[in-house]
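Comments concern the structure below.
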Amino acid sequence: MHARGTNEGAPGTDTREGPYAAVMKKLMVAQFAWAASIYVLTVVECRSWRAAAICGGLFVVLLPFNAWVTSRLLPARGEVFGEVVRFVGNCGTQVLMAHLLDWPMAAWAWLPFNAAAYDSVRPRLANGILIATMAANVAAAAADGVPWKIVVVFCFVAIASRLLVDLRMKAAYTMWLRSEAQRSELDLAHSQLQIEVRARERAERSLRQSQKLEAVGRLAAGIAHEINNPLQFLGNNLTFLEESFRTIDARLGPTTAGTGDDALATLRSDVHESIADAHDGVARIRSIVLAMNEFARPTRNRTEPFDLTRAIESTLVVTKHAYARAAQVTTDLATLPLVEGDAGAFSQVLVNLIVNAAQALEPKLAESARLDGKIGIRTWTADGSVFVSVSDNGPGIPEAVREHVFEPFFTTKPAGQGTGQGLAIARSVVEEHGGALTFESAEGVGTTFVIRLPLKQEGSPR
Amino acid sequence: MIETLSVLFVDDEPAIVKVLGRLVRQVRPKWRCVVVTSGEEALAAVAKESFDVIVSDIRMAPMDGAELLARLTSLAPTMGRIALSGHADRETYEGVLRVAHAFLSKPSTRDEILATIERIAAIPAEERVVAGER
């Protein structure tokens with residue numbers, strides 16, 4: 001009778017489900033058809049009720065036995081145990097049938113079927129069972145005096161079908177492996193494509209962003225220039241008025257209380273305050289316009305090798321007034337090669353980062369009298385780039401604000417203390433040098449800004 | 001502080017030259033101060049009388065400040081030339097410094113303007129000629 005092969009380890013299939021289950025079902029049907037044909041042939045050949053009863057009786061036992069092995073024993077006890085039990089049952093029955101019937105063909109006809117029905121995924125098990133079945137049959141044939149020609153022919157057919165099936169299976173397996181390799185190649189290409197698409201989308205987004213910034217920059221420059229003219233005569237006129245009122249004040253002489261001129265006295269002091277406030281407004285507009293101009297500055301001309309370490313050291317000197325009150329500065333500066341670029345613009349970047357760090361520490365200063373604000377400046381080289389980090393142990397940048405940090409005119413500082421241009425300018429300068437300005441921040445821990453500058457310039461900065 | 005000086009202010013924005021004139025009259029009453037609102041008027045004024053220093057806007061039409069100052073380098077080579085411009089970018093700055101002795105960006109305060117005028121006026125005339133030919 002047929003032996004259900006083993007397919008454990010067959011890639012991509014599942015023993016109990018899917019296409020393999022369908023094959024098993026078809027094998028079962030083939031087995032029934034095979035048994036029915038053998039039964040009919042036996043009855044026709046032997047023309048005896050005894051032969052019909054023996055053949056029919058054994059099949060009635062064997063077919064459910066095989067179905068039980070397939071559906072219950074194999075899943076419960078494993079392939080090897082299940083197949084060995086099946087071999088003992090089937091082979092014993094065959095030997096018994098060959099012995100009881102006068103027509104040995106009824107038993108021998110199962111041999112080629114079994115040889116073909118085994119699958120080749122575990123060839124050693126399949127071959128072993130086939131050889132054992134053949135040996136048992138040959139032994140029984142010898143004992144029963146079956147003609148040797150029958151033994152030779154059926155053994156030959158069994159071995160041939162076994163080899164044929166094996167070859168087919170190997171060919172199919174090779175094809176499957178090949179298609180699997182193609183599929184994984186395809187998968188790889190697909191995921192690479194997705195990565196490229198994402199990178200391109202990112203690049204497009206950043207291009208759109210920088211175009212937007214450029215447009216904003218041009219607009220800012222235009223506005224700045226238009227504002228400068230009225231600002232010029234506004235400020236000068238305020239100075240004139242201030243001076244004039246001072247002269248008028250001096251001419252009027254000191255105010256005396258109780259002379260009924262209280263209203264005039266108030267007016268005189270209010271005028272000075274009002275002019276001072278207006279001056280303050282002009283100064284603020286002036287600083288905004290200067291910052292706008294700085295941001296919109298289209299070209300940076302001076303490209304030359306400069307010493308970044310020296311730039312950092314001199315920046316620390318000029319920004320001392322900004323951080324001395326709020327923080328202690330520590331430096332960890334590596335020996336760096338010269339960097340190509342605009343040293344002046346770069347110093348401005350460092351000034352912005354250091355002043356920002358110092359301003360981040362101001363609230364800390366207000367909380368406790370002791371000086372525990374820290375600014376750390378570190379430089380190092382890696383992967384053909386120079387890195388500069390500026391860290392502070394301030395309150396950190398709130399999550400909601402982070403994505404706006406580099407936007408021009410974005411500021412969290414109180415009105416009049418910042419124009420929101422510092423970091424936008426810093427990033428644009430660093431990017432013009434082919435580098436990148438990034439930051440990491442944790443609330444309550446601090447913020448670190450990192451400048452990366454490639455050592456070998458890809459084209460000179462614009 | 002220089003006691004007596006003649007200054008010509010040129011700007012196509014009348015409010016600017018008016019207030020500059022007022023400021024000079026207020027704090028340097030002994031200075032002679034003329035204000036005009038175009039390059040052509042400036043050339044006419046220079047043809048009539050001489051000035052120690054001219055303070056000129058740059059972006060004007062039809063004759064811009066750079067051209068006016070360039071002409072003055074040959075017409076009145078000893079006159080101190082100061083540019084007062086709303087364009088503070090490097091190109092304008094470097095272009096203008098070929099024909100001007102000093103560059104002031106708008107907005108500049110009264111004290112900045114007066115200090116610059118006095119600084120340029122204090123340079124000996126022959127040095128101003130050389131400086132103007134850079």
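Residues are named by chain letter and number: chains run A, B, ... in the order of the structure tokens, numbers start at 1 in each chain, and ligands are numbered from 1 in the order shown.
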| task | Might you pull out every residue within 9 Å of A:Val80, with only C-alpha atoms counted and same-chain residues fewer than 4 positions away left off, and present them as a ChimeraX atom specification? | result | /A:6,74,84-85,125
| Residue set, chain B restricted to alpha helix (DSSP H), as JSON, numbers by chain | {"B": [14, 15, 16, 17, 18, 19, 20, 21, 22, 23, 24, 25, 26, 27, 39, 40, 41, 42, 43, 44, 45, 46, 47, 48, 65, 66, 67, 68, 69, 70, 71, 72, 73, 74, 75, 90, 91, 92, 93, 94, 95, 96, 110, 111, 112, 113, 114, 115, 116, 117, 118, 119, 120, 121, 122, 125, 126, 127, 128, 129, 130, 131, 132]}
| Who sits within 10 Å of B:Ser38, only C-alpha atoms, same chain under 6 positions skipped, as a PyMOL selection string | chain B and resi 9-14+56-57+60-65+68
Take the residues from that selection and put them in a file with N, CA, C and O atoms, as a CSV table (one decimal), in the first residue's frame.
```
chain,number,residue,atom,x,y,z
B,9,PHE,N,23.8,117.6,1.6
B,9,PHE,CA,23.1,116.3,1.7
B,9,PHE,C,22.3,116.0,0.5
B,9,PHE,O,21.6,116.9,0.0
B,10,VAL,N,22.4,114.8,-0.1
B,10,VAL,CA,21.6,114.4,-1.3
B,10,VAL,C,20.9,113.2,-1.0
B,10,VAL,O,21.4,112.1,-0.6
B,11,ASP,N,19.5,113.2,-1.1
B,11,ASP,CA,18.7,112.0,-1.0
B,11,ASP,C,17.4,112.3,-1.7
B,11,ASP,O,16.8,113.3,-1.5
B,12,ASP,N,16.9,111.3,-2.4
B,12,ASP,CA,15.6,111.5,-3.1
B,12,ASP,C,14.5,111.4,-2.2
B,12,ASP,O,13.3,111.6,-2.6
B,13,GLU,N,14.7,111.1,-1.0
B,13,GLU,CA,13.6,111.1,0.1
B,13,GLU,C,13.7,112.4,0.8
B,13,GLU,O,14.6,112.6,1.6
B,14,PRO,N,12.8,113.4,0.5
B,14,PRO,CA,13.0,114.8,1.1
B,14,PRO,C,13.0,114.7,2.6
B,14,PRO,O,13.7,115.5,3.2
B,56,SER,N,25.7,111.4,0.4
B,56,SER,CA,24.7,111.2,-0.7
B,56,SER,C,24.1,109.8,-0.5
B,56,SER,O,24.8,108.8,-0.2
B,57,ASP,N,22.8,109.7,-0.8
B,57,ASP,CA,22.1,108.4,-1.0
B,57,ASP,C,22.7,107.7,-2.2
B,57,ASP,O,23.3,108.4,-3.1
B,60,MET,N,19.3,106.3,-6.4
B,60,MET,CA,18.4,107.4,-6.8
B,60,MET,C,18.3,107.4,-8.3
B,60,MET,O,19.0,106.7,-9.0
B,61,ALA,N,17.2,108.1,-8.9
B,61,ALA,CA,17.0,108.1,-10.3
B,61,ALA,C,16.9,109.5,-10.8
B,61,ALA,O,16.4,110.3,-10.0
B,62,PRO,N,17.3,109.9,-12.0
B,62,PRO,CA,18.0,109.1,-13.0
B,62,PRO,C,19.5,108.9,-12.6
B,62,PRO,O,20.0,107.9,-13.0
B,63,MET,N,20.1,109.9,-12.0
B,63,MET,CA,21.5,109.7,-11.7
B,63,MET,C,21.6,109.1,-10.3
B,63,MET,O,21.1,109.6,-9.3
B,64,ASP,N,22.3,107.9,-10.2
B,64,ASP,CA,22.4,107.4,-8.8
B,64,ASP,C,23.6,107.9,-8.1
B,64,ASP,O,24.5,108.6,-8.7
B,65,GLY,N,23.7,107.6,-6.8
B,65,GLY,CA,24.7,108.2,-6.0
B,65,GLY,C,26.1,107.8,-6.4
B,65,GLY,O,27.0,108.6,-6.2
B,68,LEU,N,27.1,110.0,-9.2
B,68,LEU,CA,27.3,111.4,-8.7
B,68,LEU,C,28.7,111.5,-8.0
B,68,LEU,O,29.5,112.4,-8.3
```
| field | Proximity to chain B - best of A:Leu234, A:Leu333, A:Val138, A:Ala278, only C-alpha atoms | value |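 Looking only at the distances to chain B, the closest residue turns out to be A:Leu234.
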| task | Can you check which residues of chain B have any atom within 10 Å of chain A? Use only C-alpha atoms and format it as a ChimeraX atom specification. | result | /B:11,13-20,22-24,26-27,57,84-91,105-111
| atom CA of B:Ala125 to atom CA of B:Pro77: how many Å, to one decimal? | 8.5 Å
| task | State, in Å with one decimal place, the distance from atom CA of A:Ala116 to atom CA of A:His99. | result | 24.2 Å
| For the atom pair atom CA of A:Arg178 and atom CA of A:Ala22, what is the interatomic distance in Å to one decimal place? |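 We find that atom CA of A:Arg178 and atom CA of A:Ala22 lie 23.9 Å from each other.
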| request: Would you please extract all strand (DSSP E or B) residues from stretch 57-131 of chain B, as assigned by DSSP on the backbone, and give them as a PyMOL selection string? | output: chain B and resi 80-85+102-105
| message | Would you pick out the contacts of stretch 52-54 of chain B at 6 Å or less, using only C-alpha atoms, so that residues sharing its chain but fewer than 5 positions from it are not included, and give the list as a list in words? | response | Ser6, Val7, Leu8, Phe9, Met79, Gly80 and Arg81 of chain B
| task | Identify which of the residues A:Met134, A:Val429, A:Ala143, A:Met24 lies closest to A:Ala158, counting only C-alpha atoms when measuring atom-to-atom distances. | result |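 With only C-alpha atoms as the atom set, the closest residue is A:Met134.
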| task | Check the smallest atom-to-atom distance from each of B:Leu69, B:Ala76, B:Ala100, B:Ile117 to B:Phe51 using only C-alpha atoms, then report the winner. | result | B:Ala76
| Using only C-alpha atoms, which residues sit within 10 Å of B:Leu75 once same-chain residues fewer than 4 positions away are excluded, as a PyMOL selection string? | chain B and resi 43+46-47+69-71+79
Let me see the file: selected residues, all heavy atoms, as a PDB file, in the first residue's frame.
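As a result, again18.pdb now contains:
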```pdb
ATOM      1  N   LEU B  43      24.925 118.316  -8.483  1.00  0.00           N
ATOM      2  CA  LEU B  43      25.969 118.816  -9.377  1.00  0.00           C
ATOM      3  C   LEU B  43      25.829 120.322  -9.576  1.00  0.00           C
ATOM      4  O   LEU B  43      26.825 121.066  -9.591  1.00  0.00           O
ATOM      5  CB  LEU B  43      25.902 118.089 -10.715  1.00  0.00           C
ATOM      6  CG  LEU B  43      26.405 116.641 -10.704  1.00  0.00           C
ATOM      7  CD1 LEU B  43      26.221 116.012 -12.087  1.00  0.00           C
ATOM      8  CD2 LEU B  43      27.868 116.571 -10.288  1.00  0.00           C
ATOM      9  N   VAL B  46      27.105 122.036  -6.473  1.00  0.00           N
ATOM     10  CA  VAL B  46      28.574 121.997  -6.405  1.00  0.00           C
ATOM     11  C   VAL B  46      29.176 122.990  -7.406  1.00  0.00           C
ATOM     12  O   VAL B  46      30.208 123.606  -7.146  1.00  0.00           O
ATOM     13  CB  VAL B  46      29.083 120.559  -6.665  1.00  0.00           C
ATOM     14  CG1 VAL B  46      30.597 120.537  -6.820  1.00  0.00           C
ATOM     15  CG2 VAL B  46      28.668 119.653  -5.524  1.00  0.00           C
ATOM     16  N   ALA B  47      28.504 123.154  -8.543  1.00  0.00           N
ATOM     17  CA  ALA B  47      29.005 124.097  -9.542  1.00  0.00           C
ATOM     18  C   ALA B  47      28.927 125.523  -9.021  1.00  0.00           C
ATOM     19  O   ALA B  47      29.749 126.373  -9.350  1.00  0.00           O
ATOM     20  CB  ALA B  47      28.190 123.950 -10.836  1.00  0.00           C
ATOM     21  N   LEU B  69      28.966 110.538  -7.136  1.00  0.00           N
ATOM     22  CA  LEU B  69      30.241 110.571  -6.408  1.00  0.00           C
ATOM     23  C   LEU B  69      31.416 110.364  -7.364  1.00  0.00           C
ATOM     24  O   LEU B  69      32.477 110.989  -7.214  1.00  0.00           O
ATOM     25  CB  LEU B  69      30.248 109.520  -5.295  1.00  0.00           C
ATOM     26  CG  LEU B  69      29.222 109.732  -4.168  1.00  0.00           C
ATOM     27  CD1 LEU B  69      29.352 108.642  -3.113  1.00  0.00           C
ATOM     28  CD2 LEU B  69      29.370 111.111  -3.523  1.00  0.00           C
ATOM     29  N   ALA B  70      31.208 109.512  -8.375  1.00  0.00           N
ATOM     30  CA  ALA B  70      32.265 109.273  -9.356  1.00  0.00           C
ATOM     31  C   ALA B  70      32.581 110.563 -10.121  1.00  0.00           C
ATOM     32  O   ALA B  70      33.741 110.902 -10.331  1.00  0.00           O
ATOM     33  CB  ALA B  70      31.839 108.164 -10.319  1.00  0.00           C
ATOM     34  N   ARG B  71      31.508 111.291 -10.507  1.00  0.00           N
ATOM     35  CA  ARG B  71      31.751 112.552 -11.215  1.00  0.00           C
ATOM     36  C   ARG B  71      32.465 113.550 -10.336  1.00  0.00           C
ATOM     37  O   ARG B  71      33.324 114.311 -10.781  1.00  0.00           O
ATOM     38  CB  ARG B  71      30.415 113.160 -11.659  1.00  0.00           C
ATOM     39  CG  ARG B  71      29.804 112.394 -12.793  1.00  0.00           C
ATOM     40  CD  ARG B  71      29.004 113.354 -13.637  1.00  0.00           C
ATOM     41  NE  ARG B  71      28.060 112.611 -14.459  1.00  0.00           N
ATOM     42  CZ  ARG B  71      27.113 113.190 -15.160  1.00  0.00           C
ATOM     43  NH1 ARG B  71      26.961 114.497 -15.111  1.00  0.00           N
ATOM     44  NH2 ARG B  71      26.315 112.474 -15.894  1.00  0.00           N
ATOM     45  N   MET B  79      36.748 117.213  -2.137  1.00  0.00           N
ATOM     46  CA  MET B  79      35.536 117.136  -1.315  1.00  0.00           C
ATOM     47  C   MET B  79      35.433 115.753  -0.662  1.00  0.00           C
ATOM     48  O   MET B  79      35.702 114.731  -1.293  1.00  0.00           O
ATOM     49  CB  MET B  79      34.309 117.376  -2.212  1.00  0.00           C
ATOM     50  CG  MET B  79      33.014 117.524  -1.417  1.00  0.00           C
ATOM     51  SD  MET B  79      31.581 117.429  -2.511  1.00  0.00           S
ATOM     52  CE  MET B  79      31.765 118.900  -3.456  1.00  0.00           C
TER      53      MET B  79
END
```
| Quick one: residues within 8 Å of stretch 319-321 of chain A, only C-alpha atoms counted, chain neighbours fewer than 3 positions away excluded, as a PyMOL selection string? | chain A and resi 315-316+324-325+351+354-355
Include N, CA, C and O atoms and write out the residues we just selected as a PDB file, in the first residue's frame.
```pdb
ATOM      1  N   THR A 315      35.717  83.625  19.292  1.00  0.00           N
ATOM      2  CA  THR A 315      34.285  83.822  19.515  1.00  0.00           C
ATOM      3  C   THR A 315      33.977  83.813  21.011  1.00  0.00           C
ATOM      4  O   THR A 315      33.163  84.591  21.500  1.00  0.00           O
ATOM      5  N   LEU A 316      34.666  82.926  21.739  1.00  0.00           N
ATOM      6  CA  LEU A 316      34.438  82.868  23.188  1.00  0.00           C
ATOM      7  C   LEU A 316      34.831  84.181  23.865  1.00  0.00           C
ATOM      8  O   LEU A 316      34.208  84.605  24.830  1.00  0.00           O
ATOM      9  N   ALA A 324      29.073  85.020  30.470  1.00  0.00           N
ATOM     10  CA  ALA A 324      29.835  85.035  31.727  1.00  0.00           C
ATOM     11  C   ALA A 324      28.917  84.980  32.949  1.00  0.00           C
ATOM     12  O   ALA A 324      29.229  84.349  33.945  1.00  0.00           O
ATOM     13  N   ARG A 325      27.763  85.632  32.858  1.00  0.00           N
ATOM     14  CA  ARG A 325      26.863  85.708  33.998  1.00  0.00           C
ATOM     15  C   ARG A 325      26.100  84.390  34.188  1.00  0.00           C
ATOM     16  O   ARG A 325      25.780  83.994  35.286  1.00  0.00           O
ATOM     17  N   VAL A 351      28.822  82.476  17.291  1.00  0.00           N
ATOM     18  CA  VAL A 351      28.250  83.484  18.192  1.00  0.00           C
ATOM     19  C   VAL A 351      26.793  83.149  18.469  1.00  0.00           C
ATOM     20  O   VAL A 351      26.346  83.107  19.624  1.00  0.00           O
ATOM     21  N   ILE A 354      26.452  80.080  20.757  1.00  0.00           N
ATOM     22  CA  ILE A 354      26.896  80.311  22.140  1.00  0.00           C
ATOM     23  C   ILE A 354      25.921  81.245  22.865  1.00  0.00           C
ATOM     24  O   ILE A 354      25.539  81.001  24.014  1.00  0.00           O
ATOM     25  N   VAL A 355      25.497  82.304  22.152  1.00  0.00           N
ATOM     26  CA  VAL A 355      24.558  83.242  22.781  1.00  0.00           C
ATOM     27  C   VAL A 355      23.233  82.532  23.076  1.00  0.00           C
ATOM     28  O   VAL A 355      22.638  82.701  24.145  1.00  0.00           O
TER      29      VAL A 355
END
```
| request: Within 7 Å of A:Asp392, counting only C-alpha atoms, which residues show up once you throw out same-chain ones fewer than 2 positions away? Write them as a PyMOL selection string, please. | output: chain A and resi 357+374-376+390+394+446-448
Using the selection just defined, write its residues with C-alpha atoms as a JSON list (two decimals), in the first residue's frame.
```
[["chain", "number", "residue", "atom", "x", "y", "z"],
["A", 357, "ALA", "CA", 23.07, 78.46, 24.87],
["A", 374, "LYS", "CA", 27.37, 74.93, 31.79],
["A", 375, "ILE", "CA", 28.24, 75.37, 28.14],
["A", 376, "GLY", "CA", 30.49, 72.75, 26.59],
["A", 390, "VAL", "CA", 27.84, 73.39, 21.53],
["A", 394, "GLY", "CA", 19.53, 74.39, 30.16],
["A", 446, "GLY", "CA", 19.89, 70.31, 27.95],
["A", 447, "THR", "CA", 20.49, 70.88, 24.28],
["A", 448, "THR", "CA", 23.41, 70.10, 21.99]]
```
